[in-house]
$ cat query17.txt   # compact mmCIF, C-alpha atoms
# COMPACT_ATOMS: atom_id res chain seq x y z
CA MET Y 1 26.47 -4.79 8.84
CA PRO Y 2 23.61 -7.18 7.83
CA THR Y 3 22.39 -7.14 4.23
CA PRO Y 4 19.13 -5.11 3.99
CA SER Y 5 16.13 -7.43 3.92
CA VAL Y 6 12.58 -7.61 5.23
CA GLU Y 7 13.85 -9.68 8.17
CA THR Y 8 16.35 -6.96 9.20
CA SER Y 9 13.86 -4.10 8.73
CA PRO Y 10 11.92 -2.48 11.62
CA LEU Y 11 8.66 -3.78 10.14
CA GLY Y 12 6.62 -5.70 12.71
CA LYS Y 13 9.07 -4.94 15.53
CA GLU Y 14 8.77 -2.75 18.60
CA THR Y 15 10.58 0.48 17.80
CA GLN Y 16 11.97 3.45 19.71
CA TYR Y 17 11.15 6.70 17.93
CA CYS Y 18 14.10 9.00 17.26
CA ASN Y 19 13.35 12.74 17.15
CA GLN Y 20 16.82 13.83 16.00
CA TYR Y 21 17.66 13.70 12.30
CA ASN Y 22 19.09 10.28 11.38
CA PRO Y 23 19.29 9.11 7.74
CA GLU Y 24 20.54 5.70 8.89
CA LEU Y 25 16.95 4.88 9.87
CA LEU Y 26 16.10 4.38 6.19
CA HIS Y 27 15.93 0.69 5.28
CA PRO Y 28 16.20 0.08 1.50
CA LEU Y 29 15.07 -3.24 0.01
CA PRO Y 30 16.20 -4.46 -3.44
CA ARG Y 31 13.41 -4.35 -6.02
CA LEU Y 32 14.99 -7.32 -7.76
CA THR Y 33 14.05 -9.61 -4.85
CA GLY Y 34 10.36 -9.36 -5.72
CA ARG Y 35 10.84 -8.99 -9.46
CA LYS Y 36 12.72 -12.26 -9.84
CA SER Y 37 9.56 -14.14 -8.86
CA LEU Y 38 7.81 -12.37 -11.76
CA GLY Y 39 10.52 -13.33 -14.24
CA LEU Y 40 11.89 -9.80 -14.44
CA SER Y 41 15.47 -8.60 -14.50
CA GLU Y 42 16.90 -5.12 -14.05
CA ALA Y 43 17.97 -5.08 -17.70
CA SER Y 44 14.56 -5.81 -19.25
CA LEU Y 45 11.65 -4.08 -17.54
CA PRO Y 46 8.51 -4.07 -19.73
CA PHE Y 47 7.22 -0.86 -18.17
CA GLN Y 48 7.98 2.70 -17.24
CA GLY Y 49 6.91 3.75 -13.78
CA VAL Y 50 7.03 5.72 -10.60
CA ASP Y 51 6.01 5.22 -6.98
CA ILE Y 52 4.34 8.32 -5.57
CA TRP Y 53 4.47 8.57 -1.78
CA ASN Y 54 2.47 11.19 0.11
CA ALA Y 55 3.47 12.10 3.65
CA TYR Y 56 1.16 13.90 6.06
CA GLU Y 57 3.42 14.11 9.12
CA ILE Y 58 6.34 16.33 8.10
CA SER Y 59 7.69 18.64 10.79
CA TRP Y 60 10.95 20.22 11.92
CA LEU Y 61 12.18 23.21 13.95
CA ASN Y 62 13.27 26.52 12.47
CA SER Y 63 16.37 28.34 13.70
CA LYS Y 64 14.35 29.81 16.60
CA GLY Y 65 13.05 26.43 17.73
CA LYS Y 66 9.54 26.96 16.34
CA PRO Y 67 7.94 23.86 14.74
CA LEU Y 68 6.93 23.99 11.09
CA VAL Y 69 4.65 21.45 9.38
CA ARG Y 70 4.16 20.49 5.75
CA LEU Y 71 2.69 17.82 3.51
CA ALA Y 72 5.10 16.18 1.10
CA GLU Y 73 5.12 14.26 -2.18
CA PHE Y 74 7.99 11.90 -2.98
CA ARG Y 75 8.46 10.32 -6.44
CA PHE Y 76 10.66 7.22 -6.68
CA PRO Y 77 11.44 6.02 -10.24
CA ALA Y 78 10.41 2.42 -10.85
CA ASP Y 79 13.86 1.68 -12.25
CA SER Y 80 15.56 2.58 -8.97
CA SER Y 81 17.46 -0.32 -7.49
CA HIS Y 82 15.67 -0.23 -4.11
CA ILE Y 83 12.37 0.61 -2.48
CA ILE Y 84 12.23 2.08 1.01
CA GLU Y 85 10.55 -0.05 3.65
CA SER Y 86 7.60 2.06 4.79
CA LYS Y 87 8.06 1.88 8.57
CA SER Y 88 11.69 2.90 8.24
CA PHE Y 89 10.54 5.81 6.05
CA LYS Y 90 8.14 6.90 8.80
CA LEU Y 91 10.88 6.65 11.45
CA TYR Y 92 13.21 8.67 9.23
CA LEU Y 93 10.65 11.44 8.70
CA ASN Y 94 9.93 11.59 12.44
CA SER Y 95 13.63 12.05 13.13
CA PHE Y 96 13.26 15.62 11.82
CA ASN Y 97 10.76 16.54 14.56
CA LEU Y 98 13.20 18.09 17.06
CA THR Y 99 15.97 19.01 14.64
CA SER Y 100 16.60 22.65 13.67
CA PHE Y 101 17.12 23.66 10.05
CA ALA Y 102 17.88 27.06 8.60
CA SER Y 103 15.19 26.87 5.92
CA GLU Y 104 12.47 24.74 4.35
CA GLN Y 105 14.65 24.35 1.27
CA GLN Y 106 17.40 22.81 3.40
CA VAL Y 107 14.97 20.20 4.77
CA ARG Y 108 13.65 19.35 1.32
CA GLU Y 109 17.12 19.08 -0.20
CA GLN Y 110 18.33 16.90 2.69
CA MET Y 111 15.39 14.51 2.22
CA GLN Y 112 15.99 14.41 -1.52
CA GLN Y 113 19.67 13.60 -1.01
CA ASP Y 114 19.03 10.88 1.59
CA LEU Y 115 16.21 9.18 -0.31
CA SER Y 116 18.05 9.29 -3.64
CA GLN Y 117 21.08 7.69 -2.05
CA ALA Y 118 19.01 4.99 -0.31
CA SER Y 119 16.89 4.11 -3.37
CA GLY Y 120 19.63 4.28 -5.98
CA SER Y 121 17.91 6.85 -8.19
CA GLN Y 122 17.00 10.53 -8.20
CA VAL Y 123 13.96 11.14 -6.00
CA ALA Y 124 11.77 14.23 -6.49
CA VAL Y 125 10.54 15.91 -3.30
CA VAL Y 126 7.83 18.59 -3.15
CA PHE Y 127 6.43 20.26 -0.02
CA PHE Y 128 2.91 21.66 0.35
CA ALA Y 129 1.25 23.84 2.94
CA VAL Y 130 -1.16 21.78 5.05
CA ASP Y 131 -4.19 23.70 3.75
CA ALA Y 132 -3.11 23.88 0.11
CA GLY Y 133 -1.87 20.77 -1.73
CA LEU Y 134 -3.12 17.23 -2.30
CA THR Y 135 -6.80 18.10 -2.81
CA PRO Y 136 -8.95 14.92 -3.05
CA GLN Y 137 -9.95 13.94 -6.60
CA THR Y 138 -11.61 11.03 -8.40
CA LEU Y 139 -10.04 8.29 -10.51
CA GLN Y 140 -11.52 8.65 -13.98
CA GLY Y 141 -12.93 5.56 -15.70
CA GLU Y 142 -15.81 3.10 -15.61
CA CYS Y 143 -16.15 1.48 -12.20
CA LEU Y 144 -16.45 -2.33 -12.17
CA ASP Y 145 -17.56 -2.70 -8.58
CA ASP Y 146 -21.33 -2.99 -9.18
CA LEU Y 147 -20.91 -6.06 -11.41
CA ASP Y 148 -22.84 -8.99 -9.93
CA ILE Y 149 -20.13 -11.65 -9.87
CA THR Y 150 -19.30 -14.73 -7.84
CA ALA Y 151 -15.86 -14.36 -6.24
CA ASN Y 152 -14.13 -17.41 -4.78
CA HIS Y 153 -10.44 -16.76 -5.43
CA TYR Y 154 -8.51 -14.81 -2.79
CA THR Y 155 -4.97 -15.42 -3.98
CA PRO Y 156 -3.87 -14.11 -7.40
CA ALA Y 157 -5.61 -16.03 -10.17
CA PRO Y 158 -4.47 -14.74 -13.59
CA GLU Y 159 -6.45 -17.50 -15.29
CA LEU Y 160 -9.54 -15.36 -14.59
CA LEU Y 161 -8.36 -12.84 -17.18
CA THR Y 162 -9.86 -13.42 -20.63
CA THR Y 163 -10.37 -11.26 -23.73
CA GLN Y 164 -12.68 -10.97 -26.69
CA THR Y 165 -9.91 -11.05 -29.29
CA HIS Y 166 -12.11 -9.87 -32.17
CA GLN Y 167 -12.93 -6.57 -30.47
CA GLN Y 168 -10.26 -3.88 -30.08
CA VAL Y 169 -11.00 -1.15 -27.55
CA GLU Y 170 -9.39 1.68 -25.65
CA GLU Y 171 -10.90 2.06 -22.22
CA THR Y 172 -10.20 3.01 -18.63
CA LEU Y 173 -11.58 0.80 -15.85
CA VAL Y 174 -11.57 1.42 -12.09
CA SER Y 175 -12.12 -0.71 -9.00
CA HIS Y 176 -12.02 0.18 -5.32
CA LEU Y 177 -11.97 -3.48 -4.23
CA LEU Y 178 -8.23 -4.12 -4.41
CA LYS Y 179 -6.79 -5.35 -1.12
CA SER Y 180 -3.49 -7.01 -0.29
CA ASN Y 181 -1.66 -7.61 2.98
CA CYS Y 182 1.64 -6.52 4.47
CA PRO Y 183 4.07 -9.41 3.85
CA VAL Y 184 5.37 -9.27 7.44
CA THR Y 185 2.58 -8.08 9.77
CA GLY Y 186 -0.39 -9.33 7.75
CA GLN Y 187 -2.15 -5.99 8.17
CA PRO Y 188 -4.56 -5.14 5.34
CA ASP Y 189 -3.55 -2.71 2.61
CA TRP Y 190 -6.59 -1.23 0.87
CA ALA Y 191 -6.44 0.38 -2.57
CA SER Y 192 -8.25 1.69 -5.60
CA VAL Y 193 -6.86 0.75 -9.00
CA GLN Y 194 -7.19 2.34 -12.44
CA ILE Y 195 -6.42 0.31 -15.58
CA HIS Y 196 -6.13 1.93 -18.99
CA TYR Y 197 -5.42 -0.16 -22.08
CA LEU Y 198 -5.63 -0.25 -25.86
CA GLY Y 199 -6.10 -3.77 -27.15
CA PRO Y 200 -8.44 -6.77 -27.16
CA LYS Y 201 -11.44 -6.14 -24.93
CA LEU Y 202 -11.05 -7.59 -21.43
CA ASP Y 203 -13.89 -9.55 -19.91
CA ARG Y 204 -14.95 -7.19 -17.12
CA GLU Y 205 -16.37 -9.83 -14.78
CA GLY Y 206 -13.14 -11.80 -15.01
CA LEU Y 207 -11.06 -8.66 -14.46
CA LEU Y 208 -12.98 -7.75 -11.31
CA ALA Y 209 -12.72 -11.30 -9.97
CA TYR Y 210 -8.97 -11.19 -10.71
CA LEU Y 211 -8.49 -7.95 -8.77
CA ILE Y 212 -10.47 -9.38 -5.85
CA SER Y 213 -8.18 -12.43 -5.91
CA TYR Y 214 -5.40 -10.29 -4.37
CA ARG Y 215 -7.36 -10.15 -1.12
CA GLU Y 216 -5.01 -12.54 0.73
CA LYS Y 217 -1.86 -11.70 -1.23
CA GLY Y 218 1.03 -10.83 1.08
CA ASP Y 219 3.41 -8.48 -0.71
CA PHE Y 220 4.53 -4.89 -1.01
CA HIS Y 221 2.32 -2.44 -2.92
CA GLU Y 222 4.88 -1.96 -5.69
CA HIS Y 223 5.22 -5.68 -6.36
CA CYS Y 224 1.45 -6.24 -6.40
CA VAL Y 225 1.00 -3.56 -9.06
CA GLU Y 226 3.83 -4.98 -11.16
CA GLU Y 227 2.28 -8.45 -10.97
CA ILE Y 228 -1.11 -7.06 -12.05
CA PHE Y 229 0.56 -5.21 -14.92
CA LEU Y 230 2.39 -8.33 -16.12
CA ASP Y 231 -0.69 -10.55 -15.86
CA LEU Y 232 -2.72 -8.07 -17.92
CA LEU Y 233 0.12 -7.73 -20.43
CA ARG Y 234 0.19 -11.50 -20.95
CA ALA Y 235 -3.57 -11.97 -21.04
CA CYS Y 236 -4.47 -9.01 -23.23
CA GLN Y 237 -1.27 -8.30 -25.18
CA PRO Y 238 -2.35 -4.66 -25.53
CA GLU Y 239 -0.69 -1.95 -27.56
CA GLN Y 240 -0.84 0.29 -24.48
CA LEU Y 241 -1.29 -0.53 -20.82
CA THR Y 242 -1.23 1.49 -17.61
CA VAL Y 243 -1.93 0.27 -14.07
CA TYR Y 244 -2.21 2.89 -11.32
CA ALA Y 245 -3.00 1.90 -7.72
CA ARG Y 246 -3.82 4.35 -4.94
CA TYR Y 247 -3.24 2.68 -1.58
CA LEU Y 248 -4.74 4.04 1.61
CA ARG Y 249 -2.62 5.81 4.17
CA ARG Y 250 -0.93 3.92 7.01
CA GLY Y 251 1.45 5.53 9.48
CA GLY Y 252 1.07 8.94 7.88
CA LEU Y 253 2.12 7.65 4.43
CA ASP Y 254 0.32 6.46 1.34
CA ILE Y 255 2.04 4.67 -1.56
CA ASN Y 256 0.79 4.88 -5.12
CA PRO Y 257 2.60 2.76 -7.75
CA TRP Y 258 2.13 3.58 -11.45
CA ARG Y 259 3.34 1.22 -14.19
CA SER Y 260 2.83 1.85 -17.89
CA THR Y 261 4.01 1.14 -21.42
CA LEU Y 262 3.86 4.93 -21.85
CA SER Y 263 6.54 7.36 -20.74
CA SER Y 264 4.22 10.09 -19.46
CA SER Y 265 4.15 10.94 -15.75
CA PRO Y 266 0.95 10.47 -13.73
CA ALA Y 267 -0.87 13.12 -11.76
CA ASN Y 268 -0.90 12.66 -8.00
CA LEU Y 269 -4.65 12.00 -7.78
CA ARG Y 270 -5.21 11.71 -4.07
CA LEU Y 271 -8.56 10.02 -3.41
CA LEU Y 272 -11.10 11.06 -0.79
CA ARG Y 273 -10.51 7.94 1.33
CA GLN Y 274 -6.76 8.48 1.32

$ encode --input "query17.txt" --output "structure tokens"
Amino acid sequence: MPTPSVETSPLGKETQYCNQYNPELLHPLPRLTGRKSLGLSEASLPFQGVDIWNAYEISWLNSKGKPLVRLAEFRFPADSSHIIESKSFKLYLNSFNLTSFASEQQVREQMQQDLSQASGSQVAVVFFAVDAGLTPQTLQGECLDDLDITANHYTPAPELLTTQTHQQVEETLVSHLLKSNCPVTGQPDWASVQIHYLGPKLDREGLLAYLISYREKGDFHEHCVEEIFLDLLRACQPEQLTVYARYLRRGGLDINPWRSTLSSSPANLRLLRQ
């Protein structure tokens, strides 16, 4: 069996949809592959974190053959050994469509078991009624997007990050201009990002230009957020730092990485455009 990699994943390939439950559709990818390029090892992560996935196309059959539908939230710990390639996740979820289960709890527990095994860590799974959960909210913080800046970097440029070392602040800043690209298909991945820190004051124009510089970056959402976190950590050397990105939905899934020096758990703040 080939070693899991981007090249062996279904991403960017023509795919036959399977409507019978099949956990083998899940394609895990080692986090360490991307983290090595950032100088990280599994033994020394400088952050806590979680990846919150929201799924809007959950369906299965009850014991009488009647379809049921739900929304779902999945939380993958950032210290899990693997991420799940998103297209394989979609194919896996669709494999429930014509499969009968005795109860909603059985479906949820089966997903939790499969995803925990694939990712190498305990995954939390919550279902919502389609007219109940995941109400759109707003990222709190001061928005940078109206700053009148000149932007001419479209690949990550950490040299744009500067601080006013004499001024210590605690603030929360938001931008809706983050964009990266799928590393295989090149399709755009749009996001909003919230940055909270306690430390030397960041130059806001430079921070916005830095976030814009991801516009042609080809990488997975999780790795982009970890790179942003590390660049801010090096540039600002803050006492506290949190980076939370809310990526837009593709294929019925949105992915929302959260990385922080704090151990608290983030709220699932679904945005209006998600």

$ closest_residue --input "query17.txt" --among "Y:Ser59, Y:Ser260, Y:Ser41, Y:Asn181" --to "Y:Phe220" --atoms "only C-alpha atoms"
Y:Asn181

$ closest_residue --input "query17.txt" --among "Y:Asp131, Y:Glu73, Y:Asp189, Y:Asp231" --to "Y:Arg215" --atoms "all atoms listed in the file"
Y:Asp189

$ residues_around --input "query17.txt" --residues "Y:Pro67" --least-positions-apart "4" --cutoff "9 Å" --atoms "all atoms listed in the file" --output "list in words"
Ser59, Trp60, Leu61, Asn62, Asn97, Leu98 and Ser100 of chain Y

$ closest_residue --input "query17.txt" --among "Y:Gln240, Y:Ser63, Y:Gln137, Y:Ser88" --to "Y:Leu25" --atoms "only C-alpha atoms"
Y:Ser88

$ closest_residue --input "query17.txt" --among "Y:Arg234, Y:His223, Y:His166, Y:Ala245" --to "Y:Val193" --atoms "all atoms listed in the file"
Y:Ala245

$ atom_distance --input "query17.txt" --atom1 "atom CA of Y:Ser264" --atom2 "atom CA of Y:Leu208"
26.1 Å

$ closest_atom_pairs --input "query17.txt" --of "stretch 193-260 of chain Y" --to "stretch 43-55 of chain Y" --cutoff "8 Å" --atoms "only C-alpha atoms" --output "JSON lines"
{"residue": "Y:Glu222", "atom": "CA", "partner": "Y:Asp51", "partner_atom": "CA", "distance": 7.4}
{"residue": "Y:Gly252", "atom": "CA", "partner": "Y:Ala55", "partner_atom": "CA", "distance": 5.8}
{"residue": "Y:Leu253", "atom": "CA", "partner": "Y:Ala55", "partner_atom": "CA", "distance": 4.7}
{"residue": "Y:Asp254", "atom": "CA", "partner": "Y:Asn54", "partner_atom": "CA", "distance": 5.3}
{"residue": "Y:Ile255", "atom": "CA", "partner": "Y:Trp53", "partner_atom": "CA", "distance": 4.6}
{"residue": "Y:Asn256", "atom": "CA", "partner": "Y:Ile52", "partner_atom": "CA", "distance": 5.0}
{"residue": "Y:Pro257", "atom": "CA", "partner": "Y:Asp51", "partner_atom": "CA", "distance": 4.3}
{"residue": "Y:Trp258", "atom": "CA", "partner": "Y:Gly49", "partner_atom": "CA", "distance": 5.3}
{"residue": "Y:Arg259", "atom": "CA", "partner": "Y:Gly49", "partner_atom": "CA", "distance": 4.4}
{"residue": "Y:Ser260", "atom": "CA", "partner": "Y:Phe47", "partner_atom": "CA", "distance": 5.2}

$ closest_residue --input "query17.txt" --among "Y:Ile84, Y:Leu269, Y:Val125, Y:Cys224" --to "Y:Gln140" --atoms "all atoms listed in the file"
Y:Leu269

$ build_atoms --input "query17.txt" --residues "stretch 62-80 of chain Y" --atoms "N, CA and C atoms" --output "compact mmCIF listing (two decimals), in the frame of the given file"
# COMPACT_ATOMS: atom_id res chain seq x y z
N ASN Y 62 12.49 25.48 13.14
CA ASN Y 62 13.27 26.52 12.47
C ASN Y 62 14.42 26.95 13.38
N SER Y 63 15.18 27.93 12.96
CA SER Y 63 16.37 28.34 13.70
C SER Y 63 16.04 28.93 15.07
N LYS Y 64 14.78 29.29 15.30
CA LYS Y 64 14.35 29.81 16.60
C LYS Y 64 13.68 28.75 17.45
N GLY Y 65 13.66 27.51 16.97
CA GLY Y 65 13.05 26.43 17.73
C GLY Y 65 11.56 26.29 17.54
N LYS Y 66 10.98 27.03 16.61
CA LYS Y 66 9.54 26.96 16.34
C LYS Y 66 9.25 25.82 15.37
N PRO Y 67 8.27 24.95 15.68
CA PRO Y 67 7.94 23.86 14.74
C PRO Y 67 7.27 24.39 13.47
N LEU Y 68 7.59 23.76 12.36
CA LEU Y 68 6.93 23.99 11.09
C LEU Y 68 6.38 22.66 10.60
N VAL Y 69 5.25 22.69 9.89
CA VAL Y 69 4.65 21.45 9.38
C VAL Y 69 4.35 21.61 7.90
N ARG Y 70 4.45 20.51 7.18
CA ARG Y 70 4.16 20.49 5.75
C ARG Y 70 3.58 19.13 5.37
N LEU Y 71 2.96 19.07 4.21
CA LEU Y 71 2.69 17.82 3.51
C LEU Y 71 3.80 17.64 2.48
N ALA Y 72 4.02 16.41 2.06
CA ALA Y 72 5.10 16.18 1.10
C ALA Y 72 4.72 15.11 0.09
N GLU Y 73 5.23 15.26 -1.12
CA GLU Y 73 5.12 14.26 -2.18
C GLU Y 73 6.52 13.81 -2.55
N PHE Y 74 6.71 12.49 -2.59
CA PHE Y 74 7.99 11.90 -2.98
C PHE Y 74 7.75 11.01 -4.20
N ARG Y 75 8.57 11.16 -5.23
CA ARG Y 75 8.46 10.32 -6.44
C ARG Y 75 9.73 9.50 -6.62
N PHE Y 76 9.56 8.17 -6.51
CA PHE Y 76 10.66 7.22 -6.68
C PHE Y 76 10.53 6.57 -8.05
N PRO Y 77 11.52 6.70 -8.94
CA PRO Y 77 11.44 6.02 -10.24
C PRO Y 77 11.36 4.51 -10.08
N ALA Y 78 10.57 3.87 -10.93
CA ALA Y 78 10.41 2.42 -10.85
C ALA Y 78 11.68 1.67 -11.23
N ASP Y 79 12.60 2.34 -11.90
CA ASP Y 79 13.86 1.68 -12.25
C ASP Y 79 14.95 1.91 -11.21
N SER Y 80 14.59 2.49 -10.06
CA SER Y 80 15.56 2.58 -8.97
C SER Y 80 15.88 1.18 -8.47
